[in-house]
Each structure stands twice: as C-alpha cells, then as structure tokens.
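Colleague: Structure provided below as structure tokens; questions to follow.
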Amino acid sequence: MADPKRIYRLLLKLYPARFREEYEAPLERQFADEYREARGPWTHVLFWLRALSDLAISVPAEFLRELRQDLAYAARVYRRRALVTVLALTALALAIGAATGVFSVLNALLIRSLPFHDPERLVDVPTRITVQPTGEARLVLPANPGVDVATYNSADMNLSRSGQAARVHVTETTANFFALLGAEPEFGRAFRADEDVPGKDGVAVIAYGIWQQMFGGDSRVLGAAIHVNGVPLTVLGVAPRGFDYPAKTAVWTPTVLDRGRLGEGVAFSLHTIGRLKPGVTLPRAKAIFDAEMRRWDLDAQERGLAWAPSSRGLISLQDQLAGPIRQASLVLLAVVAFVLLIACANVAQLLLSRITERRQEIAMRAALGASRARLVQQLITESILLTMAAAAAGLAVAYWASRLASSAQPAQLAAQDYSILDWRVLGFAVAVALLTGLVFGVLPAWLIGRTQPTADSIRSQAGTQSSGVSRMQAALVTMQALLTVVLVAGALTMGRSFLKLMGTDLGFRTQNVATVTVSLFGSRYQTNHPAQSYYGQVLDRLRAVPGVESAGAADYLPLTNQGLMILPAKLDSGPEAAAIPIAITPGYFRSIGTRIVDGRDFTDADTKARN
C-alpha cells in the first residue's frame, strides 16, 4: 500500500511556491498526527475526503491570491518602461492577431463541422452529362454501390409573392437531396421520393431567412404559393436556420430532371453529391470510382467518342467546399508563424533585458528567502501577462483579417463564416498566448533562477550580464536574423509575383465598375415587352445618371462561374474552332475597359439590323 504521507506530500505540490515554503512542513506534521488518530477503514475514507475537499478549496484560493500579487507587481514593472513594453506588445498583438485571423478561416473551412448529419461521409461526385436527340439531358454516373447520390443545379432566379419580389439563389434538386444530407426542415417536410417527376414537382422548400422576410415567420407558410421565374410552387417546408447549401440557396425545388421548367435551368452544370453507405470508407469508394472511370475512358477511346478523360475522383464535401482557400490559408498560417516567432524573440529580448536590469533586485529577494520556484513563478506571470494582453489586443487584428479574407473570398455557406467568435478560435488565441508566455518566459526565468544570493551578486552593477544571459540573447538575435531573412526573401518573391500579376492585362478593368443581375423570367416584361426594348430603356436611363460614363449588358460577366456552352465557330479566313458565344449590347466593351484592337465597337444600328 502506498505511503499516505508521500501521497499527501505530492498533493501539497499543487499549492503555489510561496505557500509551500511557509506552510508545507506544518501541514505535513498535522496530516501525520490526524492520520495516526484515525481508526478503521471508514474513518480513513472520511479523513481523506476531508483532506481532499480542503485542498480543492484552498489551492485555487491561494493561487488567486498570489496571482493578484504577481500581476500587480508585473504591471508596476512594465509601467516603469512603458515605451519598450508598448512596442513589444504591439508586435506581439499583430502576430497573434494575424495567426488567429488565418486560423479562423481554417477553422471555418476544415475544422468546424458542416451543418449536415454525419458530414464526414459526404462526398463530391464528378459528373458527366449527355444530351439526347430530344434535348433531354441525362446524368451519367459510374456504378458505385458504396455511394448514394443526389443531383442539383443552382442559378439566380426571380422570387415573387403577393407584390414582393427578390432576386435569389434557387437550387433545383432530386427528391432525395435533403434526405441524403440529413437536413430536416425547421418545420413542414422535405420532398417525397416521387416529387422530382415532371408534373409532380411543383413544390418548394424555402430558406429560414426567406420565411422571415416574406412571411414574417408565419407558421401558415405551409401550403402557401410562391412564384419562381413566374412558375407557381407550393411551399412544403422551411429549411433549418443557417442551412443554405449550396452557395447560399434561398429556395429548393425538385425540378432538376424537368429541364427548362423554371426557364433558367442549365442542364450542363449539374452537380452531384454522395453519401458513403455504412461500412464503406472514402478510400474504398475512391478506388471503385476511379476504376470505373478508367474503364469508361478506355471504352470511349475504343469507340472513337469525344470523351474528356476524368480529371479527379471522389473528394470529401468539406474539401470541395474549401477549394483553393485551403492551400492559401495553410501557406498564410506558415507565414504568420514566422512572424509570431520573431515577435516572440522580441518579447524574450525584452524579458532578458528586464532581468539583467533587475539582477540586484532578484538577488536581494533570493537573499531574503525567496526560493528559485517563487522567482520563476513571478517571471513567468510577467511573461504571460504580456502575451495575454497582446492576445486581447490581437483579437481586433484577427477580426480585421477574417473580414478581409471574407471580402476577398467569401465562404460558400453561412455555416462557414470566418468568425472569431468561436470557441476554437478564441481557444487558439489563448493557447498561443499561454504557450508563448511559458516558452519565452521560462527560459529567461530558468537562467535567472540560477542566481545565488551572494554578496558579489548583490553589489554587482545593474548592467552586468551573466554568460548564460549573454548566450541566450545572442541565440535570440541569431534566430531573429534567420527568420527575418526568410521572411524578407519570401516577401520579395511574393511581391515580385504580385506586381507581375497586377501588371497582367486581363482585357478588362474593375475599377469604378458596378454590376447587377437582372432577369425578365416570370415578370410582365417577359411577354408584354421585347427583352431588347426593356434592356435598352434601362441602359439609356443609366447613362443619363450623372457620373455614369457608360453602361452595357452581357449574358455573362468575365471570370464568372457559369454553365457556358462551347459551340463550333468558323471564320471566313480560317478553320473551324471552338468558341463560347456571349451576347452583349453596345457600350459593353467601353464599360469594362476592353480595348478594340481592330475594327469598331457595336452600335444600335447593328442591333436593329440583326432584328
């Protein structure tokens, strides 16, 4: 059986250093006396319960008392050299804030769970579309018994109800879309198995925000009629709060197999998601999928079909949603880690210089009875106070960094918002501050903890440095220099690349250019007015606005992710080539700053001649 005195002696280690120095011996004697007086097993059990409860109450109280003393003393120490402290605090706040801001992006994309049931089993499935002679589009999927799939297609459409209208993102799905994701509506129901059949697909599920905006949160929304591009749909349910997959959708309707029902269905941009069946792992499903795609590719080559080889296989849905932001965020996190190390080296230099100046003070305290553990505790408290203050100030930097990332590359879902008000992000900031304070506070404290209270050390000059302190300062300076060289070299390379990208002629400009999406589907202008007349009137009114230099319209803006069709085109002076036709109006090229290399721009006369 373990020695009770030894166990109690280990438990006393939980107390702070000063308390142990003063009361450890009396407490051990008292424990031994009371333990000897206890008789019987139940008496010993009650004795240990009282001892443990006393420790549970007194240990936190003693720690808080000493912590208040150490924090007050640390504040006085830093106040004596406020300028140096503020500079170190600022550098550390910027570094911790930048690291926390980048981590908030990684947390949203890769760590925080998606708002679906068992999201780690959801995958993105590459699809291929074939068009039948009748114009019907069919989804082509390789056989994969380990994955259940659902298909969807998204586009911006006109939503109207009782005089209210809005341009929203609408997703046409198969009937099993919500069931596959495991997303139960807030109330109402999702689609039944046969409600994606033409003639039975006149139903919809609306987003929670649309329910609040257009229906005022009225529970009588079930059975109400809405119009999407003029097509009447009956509301079956309201999606869960915060659910907006894919791409911040506002309305879901099971019309993806009913091509053209809503007027803007793009059959060539269908997407497929899948859920791994129980017992099927992602590597196994990938292997089956890749083998089937290779078989299809070989079959297409043997038959001489125009079949593009598959470029990728199954990937997790979370990785697909993260996209290129994942790699960029990891690179940025590595960069800010270097910056954080440099800032930490600055803090360590500050602590070392403070300790050098306070050698007489610390030696005097040691001579008066302060133990090495008590001195180290004080110095670590000072270090952690500095880093925690920097972390608190760095949250403002983190918020700015997350907003900057959100404006540069917005998250695809509301659940992936780059927020610092998340326990993981806040925990990351606190952990970085504590780790920084401990690591870069323990080393200087360990050096000064070796100071012995000799007469020579007490009489020594404040500026005198020990060999250990000098070596550590040299090591910190070397680390700063190395990291700075790496950062400067990387910054120069990235800066040069950025300048080259900025100097690249994209063929258009975005400065002082405003865009808006307009569609006539489902409006009175679709049938009562020619579209060309409507757009012409709108453009004339825009050009008349003071400060507007030009205005134009086009089917698609440059670099937009739309389902564009490639059609054969033949010039009189050359062979046939693949081209993407885009309809524009006069004034479009001038509005986006595209230079006409040869010839002229379109005019209204060209439009009239075409008609």
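Ligands are numbered from 1 in the order shown, chains are lettered A, B, ... in the order of the structure tokens, and residues start at 1 in each chain.
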Please provide as a PyMOL selection string all residues within 12 Å of Gly199 of chain A, with the sequence filter that same-chain residues fewer than 3 positions apart are discarded (counting only C-alpha atoms).
Modeller: chain A and resi 194-196+202-203+233+254-255+257-258+261
Colleague: To one decimal in Å, tell me the separation between atom CA of Glu28 of chain A and atom CA of Arg68 of chain A.
Modeller: 26.7 Å
Colleague: Pull the alpha helix (DSSP H) assignments for segment 363-440 of chain A out of DSSP run on the backbone, and list those residues as a ChimeraX atom specification.
Modeller: /A:363-367,372-408,423-440
Colleague: What is the distance, in Å and to one decimal place, between atom CA of Leu222 of chain A and atom CA of Thr234 of chain A?
Modeller: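 Those two atoms sit 7.9 Å apart.
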Colleague: Using only C-alpha atoms, which of the listed residues (A:Ala429, A:Leu52, A:Ala363, A:Ile592) sits closest to Leu395 of chain A?
Modeller: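 Counting only C-alpha atoms, the residue closest to Leu395 of chain A is A:Ala429.
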Colleague: Nearest residue to Val518 of chain A out of A:Val538, A:Ala224, A:Ala398, A:Ile582, using only C-alpha atoms?
Modeller: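 When distances to Val518 of chain A are compared using only C-alpha atoms, the smallest one comes from A:Val538.
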Colleague: Which neighbours of segment 214-219 of chain A fall inside 10 Å, counting only C-alpha atoms, when residues of the same chain fewer than 4 positions from it are skipped, and could you give them as JSON, numbers by chain?
Modeller: {"A": [160, 161, 162, 164, 165, 166, 187, 188, 208, 209, 210, 224, 226, 237, 238]}
Colleague: Please dump the current selection as a PDB file, in the first residue's frame; keep N, CA and C atoms.
Modeller:
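Final output, out.pdb:
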ATOM      1  N   SER A 160     -41.130  35.755 -56.284  1.00  0.00           N
ATOM      2  CA  SER A 160     -42.171  36.757 -56.030  1.00  0.00           C
ATOM      3  C   SER A 160     -43.320  36.124 -55.250  1.00  0.00           C
ATOM      4  N   ARG A 161     -43.989  36.999 -54.485  1.00  0.00           N
ATOM      5  CA  ARG A 161     -45.165  36.592 -53.719  1.00  0.00           C
ATOM      6  C   ARG A 161     -45.897  37.821 -53.243  1.00  0.00           C
ATOM      7  N   SER A 162     -47.155  37.933 -53.596  1.00  0.00           N
ATOM      8  CA  SER A 162     -48.037  38.994 -53.100  1.00  0.00           C
ATOM      9  C   SER A 162     -47.407  40.378 -53.207  1.00  0.00           C
ATOM     10  N   GLN A 164     -44.336  41.172 -53.407  1.00  0.00           N
ATOM     11  CA  GLN A 164     -42.934  41.189 -53.014  1.00  0.00           C
ATOM     12  C   GLN A 164     -42.109  40.433 -54.048  1.00  0.00           C
ATOM     13  N   ALA A 165     -40.938  40.919 -54.337  1.00  0.00           N
ATOM     14  CA  ALA A 165     -40.074  40.275 -55.316  1.00  0.00           C
ATOM     15  C   ALA A 165     -38.623  40.404 -54.879  1.00  0.00           C
ATOM     16  N   ALA A 166     -37.847  39.410 -55.229  1.00  0.00           N
ATOM     17  CA  ALA A 166     -36.427  39.418 -54.885  1.00  0.00           C
ATOM     18  C   ALA A 166     -35.685  38.530 -55.871  1.00  0.00           C
ATOM     19  N   PHE A 187     -39.659  23.197 -39.920  1.00  0.00           N
ATOM     20  CA  PHE A 187     -40.969  22.575 -39.800  1.00  0.00           C
ATOM     21  C   PHE A 187     -41.501  22.333 -41.206  1.00  0.00           C
ATOM     22  N   GLY A 188     -42.584  21.565 -41.293  1.00  0.00           N
ATOM     23  CA  GLY A 188     -43.010  21.101 -42.601  1.00  0.00           C
ATOM     24  C   GLY A 188     -42.244  19.843 -42.956  1.00  0.00           C
ATOM     25  N   TYR A 208     -34.838  29.678 -44.188  1.00  0.00           N
ATOM     26  CA  TYR A 208     -35.341  30.301 -42.969  1.00  0.00           C
ATOM     27  C   TYR A 208     -35.417  31.814 -43.119  1.00  0.00           C
ATOM     28  N   GLY A 209     -34.400  32.410 -43.776  1.00  0.00           N
ATOM     29  CA  GLY A 209     -34.402  33.860 -43.963  1.00  0.00           C
ATOM     30  C   GLY A 209     -35.541  34.336 -44.852  1.00  0.00           C
ATOM     31  N   ILE A 210     -35.852  33.593 -45.917  1.00  0.00           N
ATOM     32  CA  ILE A 210     -36.976  33.953 -46.793  1.00  0.00           C
ATOM     33  C   ILE A 210     -38.288  33.837 -46.049  1.00  0.00           C
ATOM     34  N   ALA A 224     -48.592  27.647 -48.785  1.00  0.00           N
ATOM     35  CA  ALA A 224     -48.662  28.924 -49.487  1.00  0.00           C
ATOM     36  C   ALA A 224     -47.978  28.808 -50.846  1.00  0.00           C
ATOM     37  N   ILE A 226     -45.669  30.433 -53.915  1.00  0.00           N
ATOM     38  CA  ILE A 226     -44.652  31.394 -54.336  1.00  0.00           C
ATOM     39  C   ILE A 226     -44.431  31.208 -55.828  1.00  0.00           C
ATOM     40  N   GLY A 237     -42.047  23.201 -46.798  1.00  0.00           N
ATOM     41  CA  GLY A 237     -41.332  23.280 -45.545  1.00  0.00           C
ATOM     42  C   GLY A 237     -40.367  24.441 -45.518  1.00  0.00           C
ATOM     43  N   VAL A 238     -39.810  24.675 -44.350  1.00  0.00           N
ATOM     44  CA  VAL A 238     -38.819  25.723 -44.135  1.00  0.00           C
ATOM     45  C   VAL A 238     -37.519  25.054 -43.713  1.00  0.00           C
TER      46      VAL A 238
END
Colleague: From the list A:Val486, A:Ala405, A:Ala389, A:Ala88, which residue is nearest Ile325 of chain A when using only C-alpha atoms?
Modeller: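 Closest to Ile325 of chain A of all the choices is A:Ala405.
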Colleague: Between A:Val149, A:Val548, A:Ala433, A:Ala554, which has the minimum distance to Leu92 of chain A (counting only C-alpha atoms)?
Modeller: A:Ala433
Colleague: If we count only C-alpha atoms and set the cut-off at 8 Å, which residues sit around Val256 of chain A, ignoring sequence neighbours fewer than 6 positions away in its own chain? Please answer as a list in words.
Modeller: Thr151, Tyr152, Asn153, Glu172, Thr173, Thr174, Asp196 and Gly265 of chain A
Colleague: So which residues touch Leu557 of chain A within 12 Å, counting only C-alpha atoms, skipping near sequence neighbours fewer than 5 positions away, as a tab-separated table (two decimals) with N, CA and C atoms, in the first residue's frame?
Modeller:
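Saved file result16.tsv follows:
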chain	number	residue	atom	x	y	z
A	508	PHE	N	-9.86	43.59	-69.31
A	508	PHE	CA	-10.96	44.37	-68.76
A	508	PHE	C	-10.48	44.99	-67.46
A	509	ARG	N	-11.25	45.94	-66.94
A	509	ARG	CA	-10.91	46.60	-65.68
A	509	ARG	C	-12.12	46.54	-64.76
A	510	THR	N	-11.83	46.60	-63.46
A	510	THR	CA	-12.91	46.53	-62.47
A	510	THR	C	-13.06	47.81	-61.66
A	513	VAL	N	-16.50	50.07	-61.55
A	513	VAL	CA	-17.48	49.32	-62.33
A	513	VAL	C	-18.44	48.65	-61.37
A	514	ALA	N	-19.72	48.92	-61.53
A	514	ALA	CA	-20.76	48.29	-60.70
A	514	ALA	C	-21.58	47.35	-61.58
A	515	THR	N	-21.97	46.21	-61.00
A	515	THR	CA	-22.74	45.21	-61.77
A	515	THR	C	-24.01	44.85	-61.01
A	516	VAL	N	-24.99	44.39	-61.77
A	516	VAL	CA	-26.24	43.91	-61.19
A	516	VAL	C	-26.79	42.83	-62.11
A	517	THR	N	-27.43	41.83	-61.51
A	517	THR	CA	-28.03	40.74	-62.28
A	517	THR	C	-29.52	41.00	-62.45
A	552	GLY	N	-23.56	49.01	-70.19
A	552	GLY	CA	-23.75	47.93	-71.15
A	552	GLY	C	-24.26	46.70	-70.45
A	562	GLN	N	-20.16	30.11	-64.57
A	562	GLN	CA	-21.47	29.82	-65.14
A	562	GLN	C	-21.36	28.61	-66.07
A	564	LEU	N	-21.31	27.70	-69.24
A	564	LEU	CA	-21.14	28.19	-70.60
A	564	LEU	C	-21.08	27.02	-71.58
A	582	ILE	N	-21.28	34.87	-76.43
A	582	ILE	CA	-21.85	35.70	-75.37
A	582	ILE	C	-22.50	36.91	-76.03
A	583	ALA	N	-23.77	37.11	-75.75
A	583	ALA	CA	-24.49	38.25	-76.32
A	583	ALA	C	-24.23	39.49	-75.45
A	584	ILE	N	-23.94	40.63	-76.12
A	584	ILE	CA	-23.70	41.89	-75.42
A	584	ILE	C	-24.46	43.01	-76.11
A	588	TYR	N	-20.88	47.87	-73.96
A	588	TYR	CA	-20.34	46.89	-73.01
A	588	TYR	C	-18.82	46.94	-72.94
A	589	PHE	N	-18.17	46.93	-74.09
A	589	PHE	CA	-16.70	46.95	-74.11
A	589	PHE	C	-16.14	48.20	-73.44
A	591	SER	N	-17.61	49.93	-71.10
A	591	SER	CA	-17.91	49.89	-69.67
A	591	SER	C	-16.91	49.04	-68.90
A	592	ILE	N	-16.44	47.96	-69.49
A	592	ILE	CA	-15.48	47.10	-68.78
A	592	ILE	C	-14.05	47.41	-69.19
Colleague: Leaving out segment 374-385 of chain A and any residue of its chain fewer than 4 positions from it, which residues lie within 9 Å of it when counting only C-alpha atoms, given as a PyMOL selection string?
Modeller: chain A and resi 16-18+67+70-71+73-75+77-78+347-348+351+355+362+365-366+370+389-390+433-438+440-442+444-446+448-449
Colleague: Please write the residues from the selection above to a file, keeping N, CA and C atoms, as an mmCIF file, in the first residue's frame.
Modeller:
data_model
loop_
_atom_site.group_PDB
_atom_site.id
_atom_site.type_symbol
_atom_site.label_atom_id
_atom_site.label_comp_id
_atom_site.auth_asym_id
_atom_site.auth_seq_id
_atom_site.Cartn_x
_atom_site.Cartn_y
_atom_site.Cartn_z
ATOM 1 N N PRO A 16 0.881 26.985 -4.592
ATOM 2 C CA PRO A 16 1.932 27.835 -5.163
ATOM 3 C C PRO A 16 3.192 27.811 -4.308
ATOM 4 N N ALA A 17 4.301 28.289 -4.890
ATOM 5 C CA ALA A 17 5.622 28.145 -4.270
ATOM 6 C C ALA A 17 5.702 28.810 -2.901
ATOM 7 N N ARG A 18 5.232 30.065 -2.797
ATOM 8 C CA ARG A 18 5.386 30.769 -1.520
ATOM 9 C C ARG A 18 4.630 30.075 -0.401
ATOM 10 N N LEU A 67 -1.559 35.152 -7.504
ATOM 11 C CA LEU A 67 -1.642 35.673 -8.869
ATOM 12 C C LEU A 67 -1.941 37.162 -8.862
ATOM 13 N N ASP A 70 1.283 38.903 -8.031
ATOM 14 C CA ASP A 70 2.241 38.870 -9.133
ATOM 15 C C ASP A 70 1.814 39.783 -10.276
ATOM 16 N N LEU A 71 0.515 39.816 -10.569
ATOM 17 C CA LEU A 71 0.029 40.668 -11.658
ATOM 18 C C LEU A 71 0.208 42.142 -11.313
ATOM 19 N N TYR A 73 2.438 43.416 -9.298
ATOM 20 C CA TYR A 73 3.872 43.719 -9.359
ATOM 21 C C TYR A 73 4.341 43.787 -10.811
ATOM 22 N N ALA A 74 3.846 42.868 -11.677
ATOM 23 C CA ALA A 74 4.234 42.890 -13.089
ATOM 24 C C ALA A 74 3.785 44.178 -13.762
ATOM 25 N N ALA A 75 2.583 44.653 -13.429
ATOM 26 C CA ALA A 75 2.097 45.905 -14.015
ATOM 27 C C ALA A 75 3.009 47.072 -13.631
ATOM 28 N N VAL A 77 6.198 46.837 -12.920
ATOM 29 C CA VAL A 77 7.466 46.649 -13.632
ATOM 30 C C VAL A 77 7.358 47.156 -15.063
ATOM 31 N N TYR A 78 6.278 46.797 -15.768
ATOM 32 C CA TYR A 78 6.122 47.227 -17.164
ATOM 33 C C TYR A 78 5.852 48.721 -17.274
ATOM 34 N N VAL A 347 9.909 39.611 -27.519
ATOM 35 C CA VAL A 347 9.444 39.554 -26.130
ATOM 36 C C VAL A 347 10.512 38.936 -25.238
ATOM 37 N N ALA A 348 11.140 37.869 -25.721
ATOM 38 C CA ALA A 348 12.190 37.236 -24.927
ATOM 39 C C ALA A 348 13.357 38.204 -24.688
ATOM 40 N N LEU A 351 12.291 40.534 -21.956
ATOM 41 C CA LEU A 351 12.351 39.903 -20.647
ATOM 42 C C LEU A 351 13.793 39.742 -20.174
ATOM 43 N N ILE A 355 15.420 41.374 -16.895
ATOM 44 C CA ILE A 355 16.046 40.553 -15.858
ATOM 45 C C ILE A 355 17.466 41.030 -15.584
ATOM 46 N N ILE A 362 16.472 40.839 -7.839
ATOM 47 C CA ILE A 362 16.165 39.417 -7.707
ATOM 48 C C ILE A 362 17.130 38.739 -6.745
ATOM 49 N N ARG A 365 16.006 39.563 -3.289
ATOM 50 C CA ARG A 365 14.836 38.787 -2.894
ATOM 51 C C ARG A 365 15.229 37.357 -2.555
ATOM 52 N N ALA A 366 16.185 36.809 -3.351
ATOM 53 C CA ALA A 366 16.660 35.465 -3.035
ATOM 54 C C ALA A 366 17.376 35.433 -1.699
ATOM 55 N N ALA A 370 13.373 34.266 -0.755
ATOM 56 C CA ALA A 370 12.550 33.840 -1.890
ATOM 57 C C ALA A 370 13.224 32.668 -2.580
ATOM 58 N N ALA A 389 -2.242 40.057 -22.726
ATOM 59 C CA ALA A 389 -2.661 41.397 -23.134
ATOM 60 C C ALA A 389 -2.517 41.555 -24.645
ATOM 61 N N ALA A 390 -1.442 41.008 -25.208
ATOM 62 C CA ALA A 390 -1.261 41.064 -26.658
ATOM 63 C C ALA A 390 -2.345 40.269 -27.377
ATOM 64 N N ALA A 433 -1.115 32.503 -26.788
ATOM 65 C CA ALA A 433 -0.596 33.453 -25.795
ATOM 66 C C ALA A 433 0.048 32.729 -24.619
ATOM 67 N N LEU A 434 -0.628 31.697 -24.106
ATOM 68 C CA LEU A 434 -0.074 30.962 -22.966
ATOM 69 C C LEU A 434 1.222 30.250 -23.354
ATOM 70 N N LEU A 435 1.216 29.601 -24.520
ATOM 71 C CA LEU A 435 2.421 28.888 -24.953
ATOM 72 C C LEU A 435 3.583 29.848 -25.154
ATOM 73 N N THR A 436 3.280 30.995 -25.764
ATOM 74 C CA THR A 436 4.327 31.997 -25.975
ATOM 75 C C THR A 436 4.863 32.497 -24.635
ATOM 76 N N GLY A 437 3.960 32.795 -23.715
ATOM 77 C CA GLY A 437 4.397 33.287 -22.413
ATOM 78 C C GLY A 437 5.203 32.270 -21.645
ATOM 79 N N LEU A 438 4.785 30.994 -21.724
ATOM 80 C CA LEU A 438 5.513 29.961 -20.994
ATOM 81 C C LEU A 438 6.891 29.700 -21.593
ATOM 82 N N PHE A 440 8.761 31.474 -23.805
ATOM 83 C CA PHE A 440 9.705 32.583 -23.822
ATOM 84 C C PHE A 440 9.786 33.299 -22.480
ATOM 85 N N GLY A 441 9.062 32.778 -21.501
ATOM 86 C CA GLY A 441 9.229 33.277 -20.147
ATOM 87 C C GLY A 441 10.002 32.317 -19.273
ATOM 88 N N VAL A 442 9.887 31.009 -19.562
ATOM 89 C CA VAL A 442 10.572 30.010 -18.749
ATOM 90 C C VAL A 442 12.083 30.076 -18.951
ATOM 91 N N PRO A 444 14.255 32.636 -19.856
ATOM 92 C CA PRO A 444 14.920 33.669 -19.048
ATOM 93 C C PRO A 444 14.764 33.429 -17.548
ATOM 94 N N ALA A 445 13.582 32.956 -17.136
ATOM 95 C CA ALA A 445 13.368 32.698 -15.714
ATOM 96 C C ALA A 445 14.273 31.574 -15.223
ATOM 97 N N TRP A 446 14.505 30.574 -16.074
ATOM 98 C CA TRP A 446 15.385 29.482 -15.684
ATOM 99 C C TRP A 446 16.819 29.975 -15.489
ATOM 100 N N ILE A 448 17.773 33.118 -14.712
ATOM 101 C CA ILE A 448 17.906 33.972 -13.528
ATOM 102 C C ILE A 448 17.625 33.180 -12.261
ATOM 103 N N GLY A 449 16.888 32.057 -12.406
ATOM 104 C CA GLY A 449 16.631 31.229 -11.243
ATOM 105 C C GLY A 449 17.877 30.595 -10.689
#
Colleague: Which residue is closest to Val228 of chain A? Choose from A:Ala367, A:Leu352, A:Ala183, A:Val170 and count only C-alpha atoms.
Modeller: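 Residue with the minimum atom-to-atom distance to Val228 of chain A: A:Val170.
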Colleague: Write down as a CSV table (one decimal) with N, CA, C and O atoms, in the first residue's frame the residues belonging to segment 208-307 of chain A that are assigned strand (DSSP E or B) by DSSP computed on the backbone.
Modeller:
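The resulting selection09.csv:
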chain,number,residue,atom,x,y,z
A,225,ALA,N,-48.3,29.7,-51.8
A,225,ALA,CA,-47.8,29.7,-53.1
A,225,ALA,C,-46.8,30.8,-53.3
A,225,ALA,O,-46.9,31.9,-52.8
A,226,ILE,N,-45.7,30.4,-53.9
A,226,ILE,CA,-44.7,31.4,-54.3
A,226,ILE,C,-44.4,31.2,-55.8
A,226,ILE,O,-44.8,30.2,-56.4
A,227,HIS,N,-43.8,32.2,-56.5
A,227,HIS,CA,-43.5,32.1,-57.9
A,227,HIS,C,-42.0,32.2,-58.1
A,227,HIS,O,-41.4,33.2,-57.6
A,228,VAL,N,-41.4,31.3,-58.8
A,228,VAL,CA,-40.0,31.3,-59.1
A,228,VAL,C,-40.0,31.4,-60.7
A,228,VAL,O,-40.4,30.5,-61.4
A,231,VAL,N,-43.2,30.7,-62.3
A,231,VAL,CA,-43.7,29.4,-62.1
A,231,VAL,C,-44.3,29.2,-60.7
A,231,VAL,O,-43.5,29.4,-59.8
A,232,PRO,N,-45.6,28.9,-60.5
A,232,PRO,CA,-46.1,28.7,-59.2
A,232,PRO,C,-45.6,27.4,-58.5
A,232,PRO,O,-45.5,26.4,-59.1
A,233,LEU,N,-45.2,27.6,-57.2
A,233,LEU,CA,-44.7,26.4,-56.4
A,233,LEU,C,-45.4,26.5,-55.1
A,233,LEU,O,-45.6,27.6,-54.5
A,234,THR,N,-45.7,25.3,-54.5
A,234,THR,CA,-46.3,25.3,-53.2
A,234,THR,C,-45.2,25.0,-52.1
A,234,THR,O,-44.4,24.1,-52.3
A,235,VAL,N,-45.2,25.8,-51.1
A,235,VAL,CA,-44.2,25.6,-50.0
A,235,VAL,C,-44.6,24.4,-49.2
A,235,VAL,O,-45.6,24.3,-48.6
A,236,LEU,N,-43.6,23.5,-49.1
A,236,LEU,CA,-43.8,22.3,-48.3
A,236,LEU,C,-43.1,22.4,-46.9
A,236,LEU,O,-43.5,21.8,-46.0
A,237,GLY,N,-42.0,23.2,-46.8
A,237,GLY,CA,-41.3,23.3,-45.5
A,237,GLY,C,-40.4,24.4,-45.5
A,237,GLY,O,-40.1,25.1,-46.5
A,238,VAL,N,-39.8,24.7,-44.4
A,238,VAL,CA,-38.8,25.7,-44.1
A,238,VAL,C,-37.5,25.1,-43.7
A,238,VAL,O,-37.5,24.2,-42.8
A,251,VAL,N,-34.1,29.0,-52.1
A,251,VAL,CA,-35.3,28.2,-52.4
A,251,VAL,C,-34.8,26.9,-53.1
A,251,VAL,O,-33.9,26.9,-53.9
A,252,TRP,N,-35.3,25.8,-52.6
A,252,TRP,CA,-35.0,24.5,-53.2
A,252,TRP,C,-36.3,23.9,-53.8
A,252,TRP,O,-37.4,24.0,-53.2
A,253,THR,N,-36.2,23.4,-55.0
A,253,THR,CA,-37.3,22.8,-55.7
A,253,THR,C,-36.9,21.5,-56.5
A,253,THR,O,-35.8,21.5,-57.1
A,271,HIS,N,-24.6,19.2,-60.7
A,271,HIS,CA,-23.6,18.7,-59.7
A,271,HIS,C,-24.2,17.6,-59.0
A,271,HIS,O,-25.4,17.4,-58.8
A,272,THR,N,-23.3,16.7,-58.5
A,272,THR,CA,-23.7,15.5,-57.7
A,272,THR,C,-23.0,15.4,-56.4
A,272,THR,O,-21.7,15.6,-56.4
A,273,ILE,N,-23.7,15.1,-55.4
A,273,ILE,CA,-23.1,14.8,-54.1
A,273,ILE,C,-23.5,13.4,-53.7
A,273,ILE,O,-24.5,12.9,-54.2
A,274,GLY,N,-22.7,12.8,-52.8
A,274,GLY,CA,-23.0,11.4,-52.4
A,274,GLY,C,-22.8,11.2,-51.0
A,274,GLY,O,-22.1,12.0,-50.3
A,275,ARG,N,-23.3,10.2,-50.4
A,275,ARG,CA,-23.1,9.8,-49.0
A,275,ARG,C,-22.6,8.3,-49.0
A,275,ARG,O,-23.3,7.5,-49.6
A,276,LEU,N,-21.5,8.1,-48.4
A,276,LEU,CA,-21.0,6.8,-48.3
A,276,LEU,C,-21.9,5.9,-47.5
A,276,LEU,O,-22.4,6.3,-46.4
